[in-house]
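K.L.:
A single structure is presented below for examination.
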Amino acid sequence: MSTEGWLADTRTSYDTVATSYADQVRDLLDETPYERSVLALFAELVQATGGGPVADVGCGPGRITAHLRGLGLDAFGIDLSPAMVETARREHPGLRFEVGSMTDLDLADASVAGLVAWYSLIHVPDDEVGPVFAHFRRAVRPGGLVLLGFHVGDGSRLKTRGYGGHAMKVHVHRRQPAQVSAWLDDAGFTAEAQMTLSSAESTLGGIVFARRRTDGQ
């Protein structure tokens with residue numbers, strides 16, 4: 001499938017489920033203490049390097065963006081779905097949310113101190129991950145941190161319904177942490193930590209912390 005094809009399907013699907021999705025995940029962090037610890041560590045590490053803007057890419061209804069703001073980060077959200085961005089603005093007034101795509105990230109070079117992609121890479125095909133990570137590297141300043149959350153496993157499945165039974169058409173890709181770390185390395189990041197966990201967020205979730213290298217590679 002072309003980039004335009006899967007992006008259009010993903011955008012339409014999440015426009016369709018935006019309200020029900022927001023209702024389903026609104027309080028999910030209350031049930032996921034390990035994920036809260038991961039996000040707190042990310043905030044601590046970003047602040048230890050001097051802080052600065054943090055992009056939540058694929059922010060959905062903005063719950064992670066708002067949580068990061070509560071942890072003291074200057075976080076803002078970007079999402080492919082206009083309906084998700086509208087929902088995020090409504091649920092978190094005063095925070096910054098923009099429509100955009102990680103496949104063509106509209107951020108200035110080295111403009112963010114950190115970047116989070118929290119279960120938002122799961123719809124990106126394998127052959128598009130490298131270009132996406134190249135955008136991440138361009139946007140993150142040298143020494144800046146990237147935090148990724150994703151479903152662990154092998155292979156993909158087509159999701160045709162979800163979040164209240166609404167029609168969807170998105171492929172859900174499951175990956176191994178070692179593969180994600182290797183892709184990051186190819187893009188100019190160094191993976192500093194990787195882990196798996198099970199919670200209400202994912203039956204088996206993967207977490208990778210990676211830092212943009214400062215050696216120009």
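Identifiers in this document derive from the order of the structure tokens: chains are assigned A, B, ..., residues are numbered from 1 separately in each chain, and ligands are numbered from 1 in order of occurrence.
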Considering only C-alpha atoms, return as a list in words whatever protein or nucleic-acid residues lie within 8 Å of A:Val57, sequence-local ones (same chain, fewer than 3 positions apart) excluded.
P.N.:
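Contacts, in chain order: Gly77, Ile78, Asp79, Met102, Leu115, Val116, Ala117, Trp118 and Ser120 of chain A.
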K.L.:
Considering only C-alpha atoms, tabulate each residue of stretch 59-174 of chain A that lies at most 10 Å from stretch 179-183 of chain A along with its nearest interatomic pair and the corresponding distance in Å to one decimal; arrange the rows by chain and ascending residue number and present them as a Markdown table.
P.N.:
```
| residue | atom | partner | partner_atom | distance |
| --- | --- | --- | --- | --- |
| A:Asp126 | CA | A:Trp183 | CA | 9.8 |
| A:Val129 | CA | A:Trp183 | CA | 7.6 |
| A:Gly130 | CA | A:Trp183 | CA | 6.4 |
| A:Pro131 | CA | A:Trp183 | CA | 10.0 |
| A:Phe133 | CA | A:Trp183 | CA | 7.7 |
| A:Ala134 | CA | A:Trp183 | CA | 9.8 |
| A:Leu148 | CA | A:Val180 | CA | 9.0 |
| A:Phe150 | CA | A:Val180 | CA | 9.4 |
```
K.L.:
Step one, run DSSP on the backbone; step two, keep only residues of stretch 51-195 of chain A assigned to helix (DSSP H, G or I); then write them as a ChimeraX atom specification.
P.N.:
/A:63-70,82-91,102-104,121-123,126-139,177-187
K.L.:
Hey, can you spit out that residue selection with N, CA and C atoms as a CSV table (one decimal), in the first residue's frame?
P.N.:
```csv
chain,number,residue,atom,x,y,z
A,63,ARG,N,-3.9,12.9,26.1
A,63,ARG,CA,-3.7,12.5,27.5
A,63,ARG,C,-2.3,12.4,27.9
A,64,ILE,N,-1.4,11.9,27.0
A,64,ILE,CA,0.0,11.9,27.3
A,64,ILE,C,0.6,13.2,27.3
A,65,THR,N,0.2,14.1,26.3
A,65,THR,CA,0.7,15.5,26.3
A,65,THR,C,0.4,16.2,27.6
A,66,ALA,N,-0.8,16.0,28.1
A,66,ALA,CA,-1.2,16.7,29.3
A,66,ALA,C,-0.5,16.1,30.5
A,67,HIS,N,-0.3,14.8,30.5
A,67,HIS,CA,0.5,14.2,31.6
A,67,HIS,C,1.9,14.7,31.7
A,68,LEU,N,2.5,14.9,30.5
A,68,LEU,CA,3.9,15.4,30.4
A,68,LEU,C,3.9,16.8,30.9
A,69,ARG,N,2.9,17.6,30.6
A,69,ARG,CA,2.9,19.0,31.1
A,69,ARG,C,2.8,19.0,32.6
A,70,GLY,N,2.0,18.0,33.1
A,70,GLY,CA,1.9,17.9,34.6
A,70,GLY,C,3.2,17.5,35.3
A,82,PRO,N,-7.6,15.2,12.3
A,82,PRO,CA,-8.1,16.5,12.7
A,82,PRO,C,-9.2,16.3,13.9
A,83,ALA,N,-9.9,15.2,13.8
A,83,ALA,CA,-10.9,15.0,14.9
A,83,ALA,C,-10.3,14.8,16.2
A,84,MET,N,-9.1,14.0,16.2
A,84,MET,CA,-8.4,13.8,17.5
A,84,MET,C,-7.8,15.1,18.0
A,85,VAL,N,-7.3,15.9,17.1
A,85,VAL,CA,-6.7,17.2,17.5
A,85,VAL,C,-7.9,18.1,18.1
A,86,GLU,N,-9.0,18.1,17.5
A,86,GLU,CA,-10.1,18.9,18.0
A,86,GLU,C,-10.5,18.4,19.4
A,87,THR,N,-10.6,17.0,19.6
A,87,THR,CA,-10.9,16.5,20.9
A,87,THR,C,-9.8,16.8,21.9
A,88,ALA,N,-8.6,16.8,21.5
A,88,ALA,CA,-7.5,17.1,22.5
A,88,ALA,C,-7.6,18.6,22.9
A,89,ARG,N,-7.9,19.5,22.0
A,89,ARG,CA,-8.0,20.9,22.3
A,89,ARG,C,-9.2,21.1,23.3
A,90,ARG,N,-10.3,20.3,23.1
A,90,ARG,CA,-11.4,20.5,23.9
A,90,ARG,C,-11.2,19.9,25.3
A,91,GLU,N,-10.5,18.8,25.4
A,91,GLU,CA,-10.2,18.2,26.7
A,91,GLU,C,-9.1,18.8,27.5
A,102,MET,N,3.8,12.2,11.2
A,102,MET,CA,5.2,11.8,11.5
A,102,MET,C,6.0,11.4,10.2
A,103,THR,N,5.2,11.2,9.1
A,103,THR,CA,5.9,10.9,7.8
A,103,THR,C,6.4,12.1,7.1
A,104,ASP,N,6.0,13.3,7.6
A,104,ASP,CA,6.4,14.6,7.0
A,104,ASP,C,6.3,15.6,8.2
A,121,LEU,N,3.4,4.5,16.5
A,121,LEU,CA,4.1,3.9,15.4
A,121,LEU,C,3.5,2.6,14.9
A,122,ILE,N,2.5,2.2,15.7
A,122,ILE,CA,1.9,0.8,15.4
A,122,ILE,C,1.2,0.7,14.1
A,123,HIS,N,0.9,1.8,13.4
A,123,HIS,CA,0.2,1.8,12.1
A,123,HIS,C,1.2,2.1,11.0
A,126,ASP,N,6.7,-1.3,8.1
A,126,ASP,CA,8.1,-1.4,8.3
A,126,ASP,C,8.9,-0.6,7.4
A,127,ASP,N,8.6,-0.5,6.1
A,127,ASP,CA,9.4,0.2,5.2
A,127,ASP,C,9.3,1.7,5.3
A,128,GLU,N,8.4,2.2,6.2
A,128,GLU,CA,8.3,3.6,6.4
A,128,GLU,C,8.9,4.1,7.7
A,129,VAL,N,9.3,3.1,8.6
A,129,VAL,CA,9.8,3.4,9.9
A,129,VAL,C,11.1,4.2,9.8
A,130,GLY,N,12.0,3.8,8.9
A,130,GLY,CA,13.3,4.5,8.7
A,130,GLY,C,13.1,5.9,8.4
A,131,PRO,N,12.3,6.3,7.4
A,131,PRO,CA,12.1,7.7,7.1
A,131,PRO,C,11.4,8.4,8.2
A,132,VAL,N,10.5,7.8,9.0
A,132,VAL,CA,9.9,8.4,10.1
A,132,VAL,C,11.0,8.8,11.2
A,133,PHE,N,11.9,7.8,11.4
A,133,PHE,CA,12.9,8.0,12.4
A,133,PHE,C,13.9,9.1,11.9
A,134,ALA,N,14.1,9.2,10.6
A,134,ALA,CA,14.9,10.3,10.1
A,134,ALA,C,14.3,11.6,10.4
A,135,HIS,N,13.0,11.7,10.3
A,135,HIS,CA,12.3,13.0,10.7
A,135,HIS,C,12.5,13.2,12.2
A,136,PHE,N,12.4,12.2,13.0
A,136,PHE,CA,12.6,12.4,14.4
A,136,PHE,C,14.0,12.9,14.7
A,137,ARG,N,15.0,12.3,14.1
A,137,ARG,CA,16.4,12.7,14.3
A,137,ARG,C,16.6,14.2,13.9
A,138,ARG,N,16.0,14.6,12.8
A,138,ARG,CA,16.1,16.0,12.3
A,138,ARG,C,15.5,16.9,13.3
A,139,ALA,N,14.4,16.6,13.9
A,139,ALA,CA,13.7,17.5,14.8
A,139,ALA,C,14.3,17.6,16.2
A,177,PRO,N,11.5,-5.3,20.4
A,177,PRO,CA,12.3,-4.1,20.9
A,177,PRO,C,13.7,-4.1,20.2
A,178,ALA,N,14.3,-5.2,20.0
A,178,ALA,CA,15.6,-5.2,19.4
A,178,ALA,C,15.6,-4.6,17.9
A,179,GLN,N,14.5,-4.9,17.2
A,179,GLN,CA,14.4,-4.4,15.9
A,179,GLN,C,14.2,-2.9,15.9
A,180,VAL,N,13.3,-2.4,16.8
A,180,VAL,CA,13.1,-1.0,16.9
A,180,VAL,C,14.4,-0.3,17.3
A,181,SER,N,15.1,-0.8,18.2
A,181,SER,CA,16.4,-0.2,18.6
A,181,SER,C,17.4,-0.2,17.4
A,182,ALA,N,17.4,-1.2,16.6
A,182,ALA,CA,18.3,-1.3,15.4
A,182,ALA,C,17.9,-0.2,14.4
A,183,TRP,N,16.6,0.0,14.2
A,183,TRP,CA,16.1,1.0,13.3
A,183,TRP,C,16.5,2.4,13.8
A,184,LEU,N,16.4,2.6,15.1
A,184,LEU,CA,16.9,3.9,15.7
A,184,LEU,C,18.3,4.1,15.5
A,185,ASP,N,19.1,3.0,15.7
A,185,ASP,CA,20.6,3.2,15.5
A,185,ASP,C,20.9,3.6,14.1
A,186,ASP,N,20.2,3.0,13.1
A,186,ASP,CA,20.4,3.3,11.7
A,186,ASP,C,20.1,4.8,11.5
A,187,ALA,N,19.2,5.4,12.3
A,187,ALA,CA,18.7,6.7,12.0
A,187,ALA,C,19.5,7.8,12.8
```
K.L.:
Can you measure atom CA of A:Glu35 to atom CA of A:Gly50 for me? One decimal in Å is fine.
P.N.:
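Computed distance, atom CA of A:Glu35 to atom CA of A:Gly50, equals 23.2 Å.
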K.L.:
Counting only C-alpha atoms, which of A:Gly100, A:Gly206, A:Pro125, A:Gly188 gets nearest to A:Pro142?
P.N.:
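When distances to A:Pro142 are compared using only C-alpha atoms, the smallest one comes from A:Gly188.
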K.L.:
With distances taken over only C-alpha atoms, which residue among A:Gly153, A:Pro33, A:Gly62, A:Gly114 lies nearest A:Arg211?
P.N.:
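Using only C-alpha atoms, the shortest distance to A:Arg211 belongs to A:Gly114.
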K.L.:
Please identify every residue of stretch 100-197 of chain A that has at least one atom no farther than 12 Å from an atom of stretch 16-27 of chain A, counting only C-alpha atoms, and for each give the shortest atom pair and the distance in Å to one decimal, arranged by chain then increasing number, as a tab-separated table.
P.N.:
```
residue	atom	partner	partner_atom	distance
A:Thr160	CA	A:Val17	CA	11.8
A:Arg161	CA	A:Val17	CA	9.5
A:Gly162	CA	A:Val17	CA	7.7
A:Tyr163	CA	A:Tyr21	CA	5.4
A:Gly164	CA	A:Ser20	CA	6.2
A:Gly165	CA	A:Val17	CA	8.8
A:His166	CA	A:Val17	CA	6.4
A:Ala167	CA	A:Thr16	CA	7.7
A:Met168	CA	A:Thr16	CA	7.7
A:Lys169	CA	A:Thr16	CA	10.6
```
K.L.:
Between A:Arg157, A:Arg213, A:Arg175, A:Arg141, single out the one closest to A:Leu107, counting only C-alpha atoms.
P.N.:
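For A:Leu107, the nearest of the candidates is A:Arg141.
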